[in-house]
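Contents: one structure, followed by commentary.
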Amino acid sequence: MNAQTANRLTATLATGIFLILSILLASLSSHQRNDTFLQRPSSFFTDSSGARALFLIAKQFFPATEQWRRPIHLLPLPGSPDAAGTMITIGPTRPLAASEAEHLHRWLVAGGQLILLAANGWPLRQRAAAGERELTEESVSDDGTGETFLSGYAPGLHSTKAGQMSTGRAAGSSLPDGEMILGWRRSFAGTGGATVVASGGNAALAVEIPVGQGRIIAIADPTMASNGALRHSDNAVWLITLATGWSQGKVLFDEYHHGFGQKRSAVELTRAFFLTPWGWCVLQIIAAGLLYTFVYRRRFGRIREMPMPNRASPLELVEARAGVLRVAAAQKLAANLIVQHLCHTLGKVRGKTVDMSDLSHELENLARNRGVGAPITTLRGLLAKVQNGARLSDGEFVELGRTAGEIIKGQKL
């Protein structure tokens, strides 16, 4: 057996083993289960139970159509900016909170239209008593028993049980041209005095409930908006017609009550918290703390030493300079500095530049005008020794500084 034949046999054997294992694993694996999340008539799903097709059709007629993913109490009222005229709620799986029901009533009274496709009338969330379980999505019944949103407007309104899909001609004031082909599985067993706007045979499919300037269009079967039902009927045309006359250019699909909440920013959540009673309590505590801090002048940081004030004593400055000159033994430099300062002061008084060559002449004029000849005569003698380069004694050096200081002081006065 050559190498080529051995390679072919090895490849054939490996392929056979792979096929046998694949068939064995496929036979042992269980069948795929239906995901319960895919059974909601949500506009996110494209399966037969979803309502994605109706959302896309509404998007064609109303480009501003959106999926509402926030609580109902945040819904803008008609007449406000970015408000919608119609909300479509299809088979909500979450109950309606009391605050949402109150705001939804105000929204309807202001002129909004709610197209509600629900077999149970949309149950209201009940507050649990001590030791009792709170009403959740799993505890919502499908028969409309208990307090529901629709029971507050039409107490006798309840639907039949689900049956086989019926497709037939329906009639009513809400249908274009008075009739069309619709598909349904449920109908209303009792209308509670509401006006029937669509019926198939003897079955009431939809009723109208006026609320203030708005209205509720209650439809018994939520599957009428599903992708599967739209393939075999004109349900989409009917539902879009209902929204056309009341949309004001914008339609909302309620997805919050299907469990699809919108992510909110930290700023928005903080603002929502401060609007609650607990938030008001926290704000009052913060305000009281700030008031206490500022009234009693409490520090926000650690204790710091107060900065030392700047000291500008002329005597200290003179002593410091004299100390430097004394250590450096620069008597001649110190004398020249005293003379330069004297020249600078006389120049400011005269309004012209005075240098050392003009200093003797200026001192003569000063002695003649002020009558202070003795100090000036002494100073002229000391200046002559400085200009000639002679060394002054300590007494003469002190006398030079004292006399120059007296002259400068007299000029400033």
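Each chain in the structure tokens gets a letter, A, B and so on, in the order shown; residues start at 1 in every chain, and ligands are counted from 1 in the order they appear.
Neighbours of range 229-240 of chain A closer than or equal to 6 Å, with only C-alpha atoms counted and sequence neighbours fewer than 4 positions away skipped, come out as Ile181, Leu182, Gly183 and Met224 of chain A.
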Selection: 10 Å around Ala243 in chain A, only C-alpha atoms, excl. self and same-chain fewer than 3 positions, as a short mmCIF file (atom, residue, chain, number, x, y, z; two decimals) with N, CA and C atoms, in the first residue's frame:
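Okay, this is what ended up in result.cif:
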data_model
loop_
_atom_site.label_atom_id
_atom_site.label_comp_id
_atom_site.auth_asym_id
_atom_site.auth_seq_id
_atom_site.Cartn_x
_atom_site.Cartn_y
_atom_site.Cartn_z
N ALA A 58 -47.00 51.08 9.53
CA ALA A 58 -47.30 52.38 10.14
C ALA A 58 -46.15 53.36 9.91
N PHE A 61 -46.58 55.14 6.58
CA PHE A 61 -47.60 56.18 6.54
C PHE A 61 -47.28 57.33 7.50
N PHE A 62 -46.68 57.01 8.64
CA PHE A 62 -46.34 58.02 9.65
C PHE A 62 -44.85 57.88 9.97
N GLY A 85 -50.65 61.40 18.76
CA GLY A 85 -52.10 61.38 18.84
C GLY A 85 -52.67 60.01 19.06
N THR A 86 -51.90 58.94 18.73
CA THR A 86 -52.40 57.58 18.84
C THR A 86 -51.34 56.69 19.47
N MET A 87 -51.77 55.85 20.39
CA MET A 87 -50.92 54.81 20.95
C MET A 87 -51.58 53.46 20.70
N ILE A 88 -50.80 52.52 20.18
CA ILE A 88 -51.29 51.17 19.91
C ILE A 88 -50.67 50.24 20.94
N GLN A 113 -55.84 59.03 21.35
CA GLN A 113 -56.56 57.81 20.95
C GLN A 113 -55.74 56.58 21.35
N LEU A 114 -56.35 55.68 22.09
CA LEU A 114 -55.72 54.42 22.48
C LEU A 114 -56.38 53.29 21.72
N ILE A 115 -55.58 52.59 20.91
CA ILE A 115 -56.05 51.38 20.23
C ILE A 115 -55.53 50.21 21.06
N TRP A 238 -57.08 47.99 8.11
CA TRP A 238 -58.07 48.48 9.08
C TRP A 238 -57.41 49.22 10.25
N LEU A 239 -56.36 48.62 10.80
CA LEU A 239 -55.70 49.23 11.95
C LEU A 239 -55.03 50.55 11.58
N ILE A 240 -54.41 50.61 10.40
CA ILE A 240 -53.79 51.86 9.97
C ILE A 240 -54.84 52.92 9.71
N TRP A 246 -56.59 59.99 13.56
CA TRP A 246 -56.37 60.47 14.92
C TRP A 246 -54.89 60.57 15.28
N SER A 247 -54.01 60.41 14.34
CA SER A 247 -52.59 60.24 14.67
C SER A 247 -51.87 61.56 14.90
N GLN A 248 -52.30 62.63 14.25
CA GLN A 248 -51.59 63.92 14.30
C GLN A 248 -50.14 63.77 13.83
N GLY A 249 -49.93 62.81 12.94
CA GLY A 249 -48.60 62.63 12.34
C GLY A 249 -47.67 61.73 13.11
N LYS A 250 -48.09 61.18 14.27
CA LYS A 250 -47.19 60.34 15.06
C LYS A 250 -47.98 59.25 15.76
N VAL A 251 -47.47 58.02 15.68
CA VAL A 251 -48.09 56.86 16.30
C VAL A 251 -47.05 56.20 17.20
#
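CA of His257 in chain A is positioned 14.7 Å from CA of Glu66 in chain A.
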What are the DSSP strand (DSSP E or B) residues of range 4-121 of chain A, as a ChimeraX atom specification?
/A:66-68,86-90,96,113-117
Residues within 12 Å of Phe149 in chain A, only C-alpha atoms, excluding chain neighbours under 3 positions, as a PyMOL selection string
chain A and resi 92+95-102+104-105+114+116+118-125+144-146+152-155+157-158+216+218
Can you spit out the residues from that selection as an mmCIF file, in the first residue's frame, using C-alpha atoms?
data_model
loop_
_atom_site.group_PDB
_atom_site.id
_atom_site.type_symbol
_atom_site.label_atom_id
_atom_site.label_comp_id
_atom_site.auth_asym_id
_atom_site.auth_seq_id
_atom_site.Cartn_x
_atom_site.Cartn_y
_atom_site.Cartn_z
ATOM 1 C CA PRO A 92 -49.745 43.869 27.091
ATOM 2 C CA PRO A 95 -50.323 45.191 34.285
ATOM 3 C CA LEU A 96 -50.983 48.913 34.279
ATOM 4 C CA ALA A 97 -49.892 50.858 37.356
ATOM 5 C CA ALA A 98 -52.350 53.202 39.070
ATOM 6 C CA SER A 99 -50.253 56.280 38.232
ATOM 7 C CA GLU A 100 -50.083 55.160 34.605
ATOM 8 C CA ALA A 101 -53.861 54.664 34.465
ATOM 9 C CA GLU A 102 -54.460 58.171 35.829
ATOM 10 C CA LEU A 104 -53.505 57.706 30.483
ATOM 11 C CA HIS A 105 -56.972 59.002 31.382
ATOM 12 C CA LEU A 114 -55.718 54.424 22.480
ATOM 13 C CA LEU A 116 -56.013 48.560 22.774
ATOM 14 C CA ALA A 118 -56.363 42.950 24.710
ATOM 15 C CA ALA A 119 -58.530 40.017 25.681
ATOM 16 C CA ASN A 120 -58.327 40.751 29.414
ATOM 17 C CA GLY A 121 -59.126 44.485 29.437
ATOM 18 C CA TRP A 122 -55.551 45.305 30.601
ATOM 19 C CA PRO A 123 -55.478 44.472 34.336
ATOM 20 C CA LEU A 124 -54.427 47.127 36.840
ATOM 21 C CA ARG A 125 -51.558 46.445 39.204
ATOM 22 C CA GLY A 144 -60.420 39.897 32.181
ATOM 23 C CA THR A 145 -61.596 39.148 35.714
ATOM 24 C CA GLY A 146 -60.770 41.632 38.423
ATOM 25 C CA GLY A 152 -63.574 51.724 34.423
ATOM 26 C CA TYR A 153 -65.144 52.835 31.129
ATOM 27 C CA ALA A 154 -67.275 49.829 30.068
ATOM 28 C CA PRO A 155 -67.878 47.531 33.049
ATOM 29 C CA LEU A 157 -67.089 44.585 28.350
ATOM 30 C CA HIS A 158 -65.541 41.095 28.198
ATOM 31 C CA ILE A 216 -60.510 54.159 23.189
ATOM 32 C CA ALA A 218 -60.953 48.285 22.216
#
Extract, using only C-alpha atoms, all DNA, RNA and protein residues at most 8 Å from range 175-177 of chain A, discarding same-chain residues fewer than 2 positions from it, and format them as number ranges by chain.
A: 171-173, 179-180, 197-198, 238, 241
For those residues, write C-alpha atoms to a file as a compact mmCIF listing (two decimals), in the first residue's frame.
# COMPACT_ATOMS: atom_id res chain seq x y z
CA ALA A 171 -68.59 45.47 8.62
CA GLY A 172 -68.69 48.59 10.74
CA SER A 173 -68.23 52.34 10.80
CA GLU A 179 -66.62 46.37 5.04
CA MET A 180 -63.48 44.32 4.35
CA VAL A 197 -67.40 49.87 15.23
CA ALA A 198 -66.41 46.51 13.67
CA TRP A 238 -58.07 48.48 9.08
CA THR A 241 -57.13 53.45 9.00
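The shell of residues at most 6 Å from Ala204 in chain A, with only C-alpha atoms counted and near chain neighbours (fewer than 5 positions) removed, consists of Ser187, Phe188 and Ser199 of chain A.
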